[in-house]
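The file protein-v4.txt contains compact mmCIF, C-alpha atoms and all ligand atoms:
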```txt
# COMPACT_ATOMS: atom_id res chain seq x y z
CA MET A 1 0.00 0.00 0.00
CA VAL A 2 1.26 3.45 -0.93
CA ARG A 3 0.39 6.05 1.70
CA LYS A 4 -1.62 9.12 0.70
CA LYS A 5 1.38 11.40 0.94
CA ILE A 6 4.97 10.17 0.97
CA PRO A 7 7.01 12.32 3.35
CA LEU A 8 10.68 13.13 2.99
CA TYR A 9 11.42 11.67 6.44
CA ASP A 10 9.44 9.63 8.87
CA LEU A 11 10.53 8.65 12.35
CA MET A 12 9.69 5.36 14.02
CA LEU A 13 10.85 5.04 17.59
CA THR A 14 11.76 1.48 18.57
CA PRO A 15 9.80 -0.15 21.42
CA LYS A 16 13.11 -0.23 23.30
CA ALA A 17 13.54 3.56 22.93
CA ILE A 18 10.05 4.13 24.33
CA ARG A 19 10.63 1.65 27.17
CA GLU A 20 14.08 3.04 28.07
CA THR A 21 12.77 6.61 28.02
CA ALA A 22 9.76 5.77 30.19
CA ARG A 23 12.09 4.05 32.65
CA THR A 24 14.31 7.12 32.78
CA LEU A 25 11.31 9.42 33.25
CA LYS A 26 10.28 7.35 36.26
CA SER A 27 13.80 7.02 37.64
CA GLY A 28 13.99 10.46 39.25
CA TRP A 29 17.16 11.32 37.29
CA LEU A 30 16.59 13.19 34.05
CA THR A 31 19.80 15.06 33.36
CA THR A 32 23.28 13.76 32.46
CA GLY A 33 23.87 10.46 34.25
CA SER A 34 24.16 6.73 33.66
CA LYS A 35 22.16 6.72 30.39
CA VAL A 36 24.45 9.31 28.84
CA ALA A 37 27.49 7.29 29.95
CA ALA A 38 25.98 4.12 28.45
CA PHE A 39 25.13 5.92 25.20
CA GLU A 40 28.66 7.33 24.90
CA LYS A 41 30.12 3.88 25.44
CA ALA A 42 27.79 2.28 22.89
CA VAL A 43 28.43 4.92 20.20
CA ALA A 44 32.22 4.78 20.70
CA LYS A 45 32.10 0.98 20.47
CA TYR A 46 30.00 1.15 17.32
CA ALA A 47 32.49 3.57 15.74
CA GLY A 48 35.46 1.45 16.81
CA VAL A 49 37.20 4.18 18.81
CA ARG A 50 37.56 4.57 22.54
CA TYR A 51 36.29 8.01 23.41
CA ALA A 52 33.02 9.86 23.01
CA ALA A 53 31.47 12.92 24.63
CA ALA A 54 27.71 13.30 24.31
CA VAL A 55 26.47 16.85 23.74
CA ASN A 56 23.11 18.52 23.19
CA SER A 57 23.58 18.99 19.42
CA GLY A 58 25.95 18.41 16.56
CA SER A 59 26.34 22.18 16.29
CA MET A 60 27.58 22.53 19.87
CA GLY A 61 29.87 19.52 19.42
CA LEU A 62 31.46 21.19 16.40
CA PHE A 63 31.72 24.53 18.18
CA MET A 64 33.45 23.08 21.24
CA ALA A 65 35.77 20.95 19.10
CA LEU A 66 36.96 24.08 17.27
CA LYS A 67 37.31 26.13 20.46
CA LEU A 68 39.41 23.40 22.06
CA LEU A 69 41.69 23.32 19.01
CA GLY A 70 42.42 27.00 19.54
CA VAL A 71 40.28 28.20 16.63
CA ALA A 72 39.90 31.92 17.39
CA PRO A 73 40.05 35.38 15.82
CA GLY A 74 42.93 35.61 13.36
CA LYS A 75 42.62 31.92 12.38
CA GLU A 76 40.93 30.30 9.42
CA VAL A 77 38.94 27.10 9.05
CA ILE A 78 38.64 25.56 5.59
CA THR A 79 35.20 24.15 4.96
CA THR A 80 32.57 23.69 2.26
CA PRO A 81 29.95 26.20 1.15
CA TYR A 82 27.69 23.23 0.41
CA SER A 83 26.32 22.31 3.84
CA PHE A 84 23.74 23.12 6.44
CA VAL A 85 24.38 26.57 7.92
CA ALA A 86 25.58 25.10 11.25
CA THR A 87 28.98 24.21 9.77
CA THR A 88 29.80 27.84 8.97
CA GLU A 89 27.88 29.40 11.84
CA ILE A 90 30.04 27.72 14.47
CA ILE A 91 33.23 28.91 12.77
CA LEU A 92 31.94 32.49 12.93
CA HIS A 93 31.02 32.05 16.61
CA SER A 94 34.61 30.99 17.31
CA GLY A 95 35.77 34.32 15.86
CA ALA A 96 37.73 32.63 13.08
CA ARG A 97 37.21 33.15 9.35
CA PRO A 98 35.52 30.42 7.34
CA VAL A 99 37.41 29.82 4.11
CA PHE A 100 35.32 27.97 1.56
CA ALA A 101 36.72 25.38 -0.81
CA ASP A 102 34.56 24.29 -3.74
CA ILE A 103 33.12 20.78 -3.95
CA ASN A 104 33.46 17.75 -6.13
CA PRO A 105 30.20 17.99 -8.13
CA ARG A 106 29.78 14.21 -8.17
CA THR A 107 29.96 13.59 -4.40
CA LEU A 108 28.90 17.10 -3.27
CA ASN A 109 31.77 16.89 -0.76
CA ILE A 110 34.70 19.28 -0.39
CA ASP A 111 37.37 18.87 -3.07
CA PRO A 112 40.84 18.27 -1.56
CA VAL A 113 42.51 20.01 -4.50
CA GLU A 114 40.54 23.14 -3.63
CA VAL A 115 41.41 22.70 0.05
CA GLN A 116 45.08 22.64 -0.84
CA ARG A 117 44.63 25.91 -2.77
CA LYS A 118 42.99 27.60 0.21
CA LEU A 119 45.63 26.73 2.81
CA SER A 120 47.38 29.63 4.53
CA SER A 121 49.58 30.18 7.56
CA GLN A 122 46.36 30.97 9.47
CA THR A 123 44.65 27.66 8.68
CA ALA A 124 43.79 26.14 12.07
CA CYS A 125 41.58 23.27 10.98
CA ILE A 126 40.00 21.51 8.01
CA LEU A 127 36.30 20.79 8.40
CA PRO A 128 34.76 18.56 5.71
CA VAL A 129 31.11 17.48 5.69
CA ASP A 130 29.93 14.02 4.60
CA ILE A 131 26.96 15.20 2.56
CA ALA A 132 24.00 12.83 2.60
CA GLY A 133 26.12 10.34 4.58
CA TYR A 134 28.69 9.83 1.81
CA PRO A 135 32.20 10.15 3.30
CA ALA A 136 34.45 12.96 2.11
CA ASP A 137 37.81 12.09 0.52
CA TYR A 138 39.52 11.40 3.86
CA LYS A 139 42.67 9.92 2.29
CA ALA A 140 43.49 13.10 0.38
CA LEU A 141 42.33 15.37 3.22
CA GLY A 142 44.29 13.36 5.79
CA ASP A 143 47.44 13.62 3.66
CA ILE A 144 47.09 17.43 3.55
CA CYS A 145 46.48 17.60 7.29
CA ASP A 146 49.47 15.34 8.04
CA ARG A 147 51.75 17.32 5.76
CA TYR A 148 50.84 20.68 7.26
CA LYS A 149 50.12 19.44 10.80
CA ILE A 150 46.54 20.69 10.80
CA PRO A 151 43.72 18.89 12.62
CA LEU A 152 41.02 17.21 10.55
CA ILE A 153 37.61 17.50 12.19
CA SER A 154 34.72 15.84 10.43
CA ASP A 155 31.25 17.31 10.38
CA ALA A 156 29.84 13.78 10.36
CA CYS A 157 26.32 14.97 11.19
CA HIS A 158 25.01 12.93 8.22
CA SER A 159 27.34 9.97 8.40
CA PHE A 160 26.86 7.91 11.53
CA GLY A 161 27.40 4.33 10.37
CA ALA A 162 29.22 5.27 7.14
CA ARG A 163 32.38 3.35 6.24
CA TYR A 164 35.42 4.68 4.41
CA HIS A 165 37.70 1.86 3.26
CA ASN A 166 36.19 -0.20 6.01
CA LYS A 167 36.78 2.40 8.70
CA SER A 168 34.30 4.56 10.56
CA ILE A 169 34.55 8.36 10.21
CA PRO A 170 36.07 8.86 13.70
CA GLN A 171 38.77 6.37 12.63
CA VAL A 172 39.82 8.50 9.66
CA ALA A 173 39.63 11.98 11.21
CA ASP A 174 41.06 13.49 14.40
CA ALA A 175 37.50 13.75 15.65
CA ALA A 176 34.06 13.25 14.13
CA VAL A 177 30.99 15.09 15.30
CA PHE A 178 27.65 13.33 14.88
CA SER A 179 24.17 14.81 15.09
CA PHE A 180 21.27 12.91 16.56
CA HIS A 181 18.71 15.49 15.50
CA ALA A 182 15.20 14.19 14.83
CA THR A 183 15.72 13.75 11.08
CA LYS A 184 19.01 11.86 11.33
CA ASN A 185 19.52 8.12 10.79
CA LEU A 186 20.26 7.75 14.50
CA THR A 187 18.26 10.09 16.69
CA CYS A 188 17.75 11.23 20.26
CA GLY A 189 15.29 13.95 19.21
CA GLU A 190 18.09 16.46 19.70
CA GLY A 191 21.67 15.56 20.52
CA GLY A 192 25.14 14.98 19.22
CA MET A 193 28.45 13.37 20.02
CA VAL A 194 32.14 14.14 19.61
CA VAL A 195 33.92 10.85 18.93
CA SER A 196 37.68 10.46 18.68
CA ARG A 197 40.69 8.32 19.46
CA HIS A 198 42.20 11.26 21.35
CA LYS A 199 41.39 10.77 25.03
CA GLU A 200 42.35 14.20 26.36
CA PHE A 201 40.49 15.99 23.59
CA VAL A 202 37.25 14.14 24.28
CA ARG A 203 37.66 14.66 28.01
CA ALA A 204 38.09 18.39 27.39
CA VAL A 205 34.87 18.46 25.32
CA LYS A 206 33.07 16.70 28.15
CA VAL A 207 34.32 19.20 30.75
CA MET A 208 33.55 22.17 28.51
CA SER A 209 30.03 20.92 27.80
CA LEU A 210 29.12 21.35 31.46
CA HIS A 211 30.51 24.72 32.56
CA GLY A 212 34.12 23.50 32.76
CA MET A 213 33.20 21.49 35.86
CA THR A 214 35.39 18.71 37.25
CA ALA A 215 32.49 16.60 38.50
CA ASP A 216 28.91 16.73 37.23
CA ALA A 217 25.92 16.46 39.55
CA TYR A 218 25.55 12.73 38.93
CA GLN A 219 29.15 11.98 39.88
CA ARG A 220 28.78 14.12 43.00
CA LYS A 221 25.61 12.29 43.96
CA LEU A 222 27.29 8.91 43.44
CA LYS A 223 30.21 9.94 45.63
CA ASN A 224 28.07 11.75 48.18
CA ARG A 225 30.24 14.82 47.81
CA TRP A 226 29.09 18.35 47.06
CA GLU A 227 32.49 19.56 45.96
CA TYR A 228 33.44 20.58 42.45
CA ASP A 229 35.87 22.92 40.76
CA ILE A 230 35.73 24.86 37.51
CA VAL A 231 38.91 24.20 35.55
CA ASN A 232 38.09 25.83 32.24
CA LEU A 233 35.78 28.29 30.56
CA GLY A 234 32.76 26.13 29.88
CA MET A 235 29.26 26.34 28.60
CA LYS A 236 25.99 24.44 28.86
CA ALA A 237 25.84 21.82 26.14
CA ASN A 238 25.42 18.50 27.94
CA LEU A 239 23.02 15.78 26.82
CA SER A 240 20.25 14.67 29.17
CA ASP A 241 19.55 11.08 30.21
CA VAL A 242 16.09 11.43 28.66
CA HIS A 243 17.60 12.08 25.23
CA ALA A 244 20.30 9.45 25.72
CA SER A 245 17.59 6.86 26.49
CA ILE A 246 15.99 7.52 23.10
CA GLY A 247 19.39 7.19 21.44
CA LEU A 248 20.20 3.93 23.23
CA GLY A 249 16.89 2.42 22.18
CA GLN A 250 17.31 3.58 18.58
CA LEU A 251 20.88 2.29 18.45
CA ASP A 252 19.56 -1.17 19.18
CA ALA A 253 17.76 -1.21 15.82
CA PHE A 254 20.37 0.83 13.96
CA ASP A 255 21.92 -1.98 11.88
CA LYS A 256 18.50 -3.29 10.92
CA ASN A 257 17.40 0.21 9.89
CA GLN A 258 20.61 0.84 7.94
CA LYS A 259 20.02 -2.38 5.99
CA LYS A 260 16.58 -1.05 5.09
CA ARG A 261 18.07 2.31 4.01
CA LEU A 262 20.60 0.49 1.85
CA ALA A 263 17.88 -1.66 0.23
CA ILE A 264 15.81 1.48 -0.51
CA ALA A 265 18.83 3.24 -2.02
CA ASP A 266 19.59 0.15 -4.14
CA ARG A 267 16.00 0.05 -5.36
CA TYR A 268 16.04 3.76 -6.27
CA ILE A 269 19.31 3.23 -8.15
CA LYS A 270 17.99 0.18 -10.02
CA ASN A 271 14.71 1.91 -10.94
CA LEU A 272 16.23 5.25 -11.92
CA SER A 273 19.33 4.03 -13.80
CA PRO A 274 17.48 3.92 -17.16
CA LEU A 275 16.83 7.67 -16.76
CA ALA A 276 20.54 8.52 -16.78
CA GLU A 277 20.16 11.13 -19.54
CA PHE A 278 17.79 13.11 -17.30
CA LEU A 279 19.29 12.65 -13.88
CA GLU A 280 22.48 11.75 -12.07
CA LEU A 281 22.33 9.25 -9.22
CA PRO A 282 24.27 9.52 -5.93
CA PRO A 283 27.83 8.18 -6.00
CA VAL A 284 28.39 4.52 -5.21
CA GLU A 285 31.84 3.01 -4.76
CA LYS A 286 32.90 -0.39 -3.58
CA SER A 287 35.23 0.80 -0.83
CA ILE A 288 32.84 3.45 0.46
CA GLN A 289 29.61 2.84 2.32
CA SER A 290 27.28 5.80 2.56
CA ALA A 291 25.16 6.10 5.70
CA TRP A 292 22.29 6.94 3.29
CA HIS A 293 20.98 9.71 5.52
CA LEU A 294 19.68 11.33 2.32
CA PHE A 295 19.14 10.22 -1.27
CA ILE A 296 20.06 13.15 -3.52
CA ILE A 297 19.60 13.06 -7.29
CA LYS A 298 20.82 15.76 -9.66
CA LEU A 299 18.62 16.75 -12.58
CA ASN A 300 20.11 17.25 -16.00
CA LEU A 301 18.45 20.63 -16.57
CA SER A 302 19.70 20.91 -20.13
CA ARG A 303 17.30 18.07 -21.04
CA LEU A 304 14.29 19.53 -19.19
CA LYS A 305 11.81 22.31 -19.84
CA ILE A 306 11.36 22.93 -16.10
CA ASP A 307 13.79 23.92 -13.39
CA ARG A 308 14.44 22.07 -10.14
CA ASP A 309 11.84 23.94 -8.08
CA ARG A 310 9.11 23.26 -10.64
CA PHE A 311 10.16 19.61 -10.64
CA ILE A 312 9.69 19.53 -6.86
CA GLU A 313 6.28 21.21 -7.24
CA GLN A 314 5.30 18.52 -9.73
CA MET A 315 6.41 15.83 -7.26
CA ALA A 316 4.33 17.50 -4.53
CA LEU A 317 1.27 17.56 -6.82
CA ARG A 318 1.67 13.79 -7.03
CA LYS A 319 1.93 13.53 -3.22
CA VAL A 320 5.68 13.04 -2.96
CA GLU A 321 7.54 15.39 -0.64
CA CYS A 322 11.07 16.26 -1.76
CA GLY A 323 13.75 18.51 -0.31
CA VAL A 324 16.82 20.51 -1.26
CA HIS A 325 20.10 19.91 0.53
CA TYR A 326 21.52 22.59 0.35
CA LYS A 327 21.29 26.18 -0.71
CA PRO A 328 24.95 27.31 -0.62
CA ILE A 329 25.97 29.32 2.42
CA TYR A 330 27.08 32.34 0.37
CA ASP A 331 23.54 32.63 -1.05
CA LEU A 332 21.81 32.94 2.37
CA SER A 333 20.81 36.52 3.19
CA PHE A 334 22.89 36.91 6.33
CA TYR A 335 25.96 35.33 4.76
CA ARG A 336 25.83 37.46 1.61
CA LYS A 337 27.66 40.14 3.52
CA MET A 338 30.74 37.92 3.42
CA GLY A 339 30.93 39.19 -0.14
CA LEU A 340 31.23 35.78 -1.74
CA THR A 341 29.37 34.89 -4.90
CA GLU A 342 28.88 31.76 -6.90
CA GLN A 343 31.53 32.67 -9.42
CA TYR A 344 34.12 31.55 -6.85
CA PHE A 345 32.42 28.16 -6.46
CA PRO A 346 31.40 26.93 -9.92
CA ASN A 347 30.83 23.33 -8.86
CA THR A 348 28.67 24.27 -5.89
CA ALA A 349 26.71 26.70 -8.06
CA PHE A 350 26.22 24.06 -10.76
CA ALA A 351 25.25 21.28 -8.32
CA TRP A 352 22.84 23.07 -6.03
CA ARG A 353 20.47 24.19 -8.78
CA ARG A 354 20.03 20.57 -9.83
CA VAL A 355 19.73 18.69 -6.52
CA VAL A 356 16.53 17.05 -5.31
CA THR A 357 16.35 14.95 -2.15
CA LEU A 358 13.96 12.02 -2.45
CA PRO A 359 12.09 10.39 0.47
CA LEU A 360 14.29 7.97 2.41
CA PHE A 361 13.53 6.43 5.79
CA PRO A 362 13.56 2.82 6.99
CA ASP A 363 9.82 2.29 6.78
CA LEU A 364 9.50 3.46 3.19
CA LYS A 365 8.04 0.44 1.43
CA ALA A 366 9.35 -1.04 -1.83
CA VAL A 367 6.03 -0.21 -3.54
CA GLU A 368 6.41 3.38 -2.37
CA VAL A 369 9.92 3.60 -3.82
CA ASP A 370 8.50 2.25 -7.07
CA TYR A 371 5.70 4.82 -6.89
CA VAL A 372 8.19 7.69 -6.39
CA CYS A 373 10.25 6.42 -9.33
CA GLY A 374 7.11 6.12 -11.47
CA VAL A 375 6.20 9.71 -10.67
CA ILE A 376 9.73 10.87 -11.59
CA ARG A 377 9.52 8.97 -14.89
CA GLU A 378 6.16 10.57 -15.67
CA ILE A 379 7.38 14.12 -14.91
CA LEU A 380 10.60 13.68 -16.88
CA LYS A 381 8.67 12.33 -19.85
CA LYS A 382 6.20 15.21 -19.72
CA TYR A 383 8.88 17.91 -19.51
CA ALA A 384 11.68 16.37 -21.56
CA LYS A 385 13.41 18.70 -24.03
C1 LIG A 401 25.82 18.99 7.86
C2 LIG A 401 25.27 19.36 9.20
N1 LIG A 401 26.13 19.86 10.12
C3 LIG A 401 25.71 20.19 11.34
C4 LIG A 401 24.40 20.04 11.72
C5 LIG A 401 23.98 20.44 13.08
O1 LIG A 401 23.47 19.38 13.81
P1 LIG A 401 22.46 19.67 15.05
O2 LIG A 401 21.13 19.97 14.47
O3 LIG A 401 22.49 18.39 15.83
O4 LIG A 401 23.04 20.80 15.76
C6 LIG A 401 23.49 19.52 10.80
C7 LIG A 401 22.07 19.36 11.18
O5 LIG A 401 21.19 19.16 10.40
C8 LIG A 401 23.93 19.19 9.51
O6 LIG A 401 23.07 18.70 8.59
```
What is this structure when it is put down as structure tokens?
Ligand SMILES: Cc1ncc(COP(=O)(O)O)c(C=O)c1O
Amino acid sequence: MVRKKIPLYDLMLTPKAIRETARTLKSGWLTTGSKVAAFEKAVAKYAGVRYAAAVNSGSMGLFMALKLLGVAPGKEVITTPYSFVATTEIILHSGARPVFADINPRTLNIDPVEVQRKLSSQTACILPVDIAGYPADYKALGDICDRYKIPLISDACHSFGARYHNKSIPQVADAAVFSFHATKNLTCGEGGMVVSRHKEFVRAVKVMSLHGMTADAYQRKLKNRWEYDIVNLGMKANLSDVHASIGLGQLDAFDKNQKKRLAIADRYIKNLSPLAEFLELPPVEKSIQSAWHLFIIKLNLSRLKIDRDRFIEQMALRKVECGVHYKPIYDLSFYRKMGLTEQYFPNTAFAWRRVVTLPLFPDLKAVEVDYVCGVIREILKKYAK
């Protein structure tokens, strides 16, 4: 059965997430405590590294990671203009200057050749984003970072569960920051995590996320001691046990859900491959496993009488909700004052006008994927040039 309207995302909480959360709600302890500790341990284990600090969002995880690396006024962070605004916003909050490197139009991820061109003596960090869950070119980026002794921090907010040459993202970057926002493939409702093999770095994130405090309230309660010290300038960005309980319950079904995402992506690819002259499919490579957070196609506008937005309207008329990930940062009103225009980023400019995100969530049925593909076929046929 095809539902009346096919949404872009749909969230199904696992029975375990509901049970765990109800138990936490009744436990008398709602803020950071044993559930957060268990969630950190489980996520680090899943990613195959030892250390993880849970935070209240991917944005705050990224912000604290940069601050702790000494990113500050006078420094630069090289990142992509093709991302959600959070990636650039946190660089500006640190006082540093975001320096944009254009993307590879096939993967939509930052192009290492462009990164190399944008390096300067002020470069404090390189911050790639794994768009749609497809890992950036970590080999080339890692080589640049090693050569110039610059940290590589991954905005892995789309790529929990992705594999790059059989490694998780935290295994190929100095630190990876995940988002567990409600639309992500692993969710707590709101939340995030900084995951890394660097023990002291993760510990520093943890301390910073709760006012720079040596012992949080839960530890003090366990030890029956009121005493704490403030050892650093901190902030309030800790995750609560309520959110961690949702995450723990969702993690339980994560592999099963990822298999479903993969099967949906495979079905889209199989169904849409014959339309190659009208659209480009997401990249697929043997050694790279996307987390399939999003399924983004790129329209070949030179073969169509309509533009991307009209295509999305036509999809909506046929009860299929689509999205656009992303409008480039330099094109957002506030960010226009940075004085950047699309002429500096030809690949980003070319890609973003063509991208359409199709519905993808574990409970999307095979018949619904076929329906979406049928609708695409119909629209392309109607508006073919
Ligand atoms: C690429 C990217 N980076 C960062 C974030 C920020 O994550 P959060 O919403 O958990 O702060 C998002 C959220 O959608 C994102 O898509």
7 Å shell around ligand LIG 401 (chain A) using only C-alpha atoms and all ligand atoms, listed as a compact mmCIF listing (two decimals) with C-alpha atoms, in the frame of the given file:
```txt
# COMPACT_ATOMS: atom_id res chain seq x y z
CA SER A 57 23.58 18.99 19.42
CA GLY A 58 25.95 18.41 16.56
CA SER A 59 26.34 22.18 16.29
CA MET A 60 27.58 22.53 19.87
CA SER A 83 26.32 22.31 3.84
CA PHE A 84 23.74 23.12 6.44
CA ALA A 86 25.58 25.10 11.25
CA THR A 87 28.98 24.21 9.77
CA VAL A 129 31.11 17.48 5.69
CA ILE A 131 26.96 15.20 2.56
CA ASP A 155 31.25 17.31 10.38
CA CYS A 157 26.32 14.97 11.19
CA HIS A 158 25.01 12.93 8.22
CA SER A 179 24.17 14.81 15.09
CA PHE A 180 21.27 12.91 16.56
CA HIS A 181 18.71 15.49 15.50
CA GLU A 190 18.09 16.46 19.70
CA GLY A 191 21.67 15.56 20.52
CA GLY A 192 25.14 14.98 19.22
```
Shell around segment 137-152 of chain A at 8 Å using only C-alpha atoms, local window under 4 positions removed, as a PyMOL selection string: chain A and resi 109-112+116+123-127+164+172-175
File of the preceding selection, C-alpha atoms, as a compact mmCIF listing (two decimals), in the coordinates of the input:
```txt
# COMPACT_ATOMS: atom_id res chain seq x y z
CA ASN A 109 31.77 16.89 -0.76
CA ILE A 110 34.70 19.28 -0.39
CA ASP A 111 37.37 18.87 -3.07
CA PRO A 112 40.84 18.27 -1.56
CA GLN A 116 45.08 22.64 -0.84
CA THR A 123 44.65 27.66 8.68
CA ALA A 124 43.79 26.14 12.07
CA CYS A 125 41.58 23.27 10.98
CA ILE A 126 40.00 21.51 8.01
CA LEU A 127 36.30 20.79 8.40
CA TYR A 164 35.42 4.68 4.41
CA VAL A 172 39.82 8.50 9.66
CA ALA A 173 39.63 11.98 11.21
CA ASP A 174 41.06 13.49 14.40
CA ALA A 175 37.50 13.75 15.65
```
Under the rule of at most 12 Å, produce a per-residue listing of segment 62-161 of chain A near segment 247-264 of chain A: chain, number, name, the closest pair of atoms, and the distance in Å, as JSON lines, using all atoms listed in the file.
```
{"residue": "A:Gly133", "atom": "CA", "partner": "A:Arg261", "partner_atom": "CA", "distance": 11.4}
{"residue": "A:Ser159", "atom": "CA", "partner": "A:Gln258", "partner_atom": "CA", "distance": 11.4}
{"residue": "A:Phe160", "atom": "CA", "partner": "A:Phe254", "partner_atom": "CA", "distance": 9.9}
{"residue": "A:Gly161", "atom": "CA", "partner": "A:Gln258", "partner_atom": "CA", "distance": 8.0}
```
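Nearest residue to Asp307 of chain A among A:Val367, A:Leu272, A:Gly374, A:Tyr383 is A:Tyr383, counting all atoms listed in the file.
Distances to Thr80 of chain A were evaluated for A:Ser94, A:Asn56, A:Ser154, A:Ser245 using only C-alpha atoms, and the minimum falls at A:Ser154.
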Anything within 9 Å of (34.0, 34.4, 19.6): list those residues as a PDB file with C-alpha atoms, in the coordinates of the input, counting only C-alpha atoms and sticking to the file's coordinates.
```
ATOM      1  CA  LYS A  67      37.310  26.130  20.460  1.00  0.00           C
ATOM      2  CA  ALA A  72      39.900  31.920  17.390  1.00  0.00           C
ATOM      3  CA  PRO A  73      40.050  35.380  15.820  1.00  0.00           C
ATOM      4  CA  ILE A  91      33.230  28.910  12.770  1.00  0.00           C
ATOM      5  CA  LEU A  92      31.940  32.490  12.930  1.00  0.00           C
ATOM      6  CA  HIS A  93      31.020  32.050  16.610  1.00  0.00           C
ATOM      7  CA  SER A  94      34.610  30.990  17.310  1.00  0.00           C
ATOM      8  CA  GLY A  95      35.770  34.320  15.860  1.00  0.00           C
ATOM      9  CA  ALA A  96      37.730  32.630  13.080  1.00  0.00           C
TER      10      ALA A  96
END
```
Listed atoms of segment 187-206 of chain A boxed along x, y and z, 8 Å each side, centre and edge lengths in Å, one decimal, as AutoDock Vina command-line options:
```
--center_x 28.8 --center_y 13.4 --center_z 22.4 --size_x 43.1 --size_y 26.1 --size_z 27.5
```
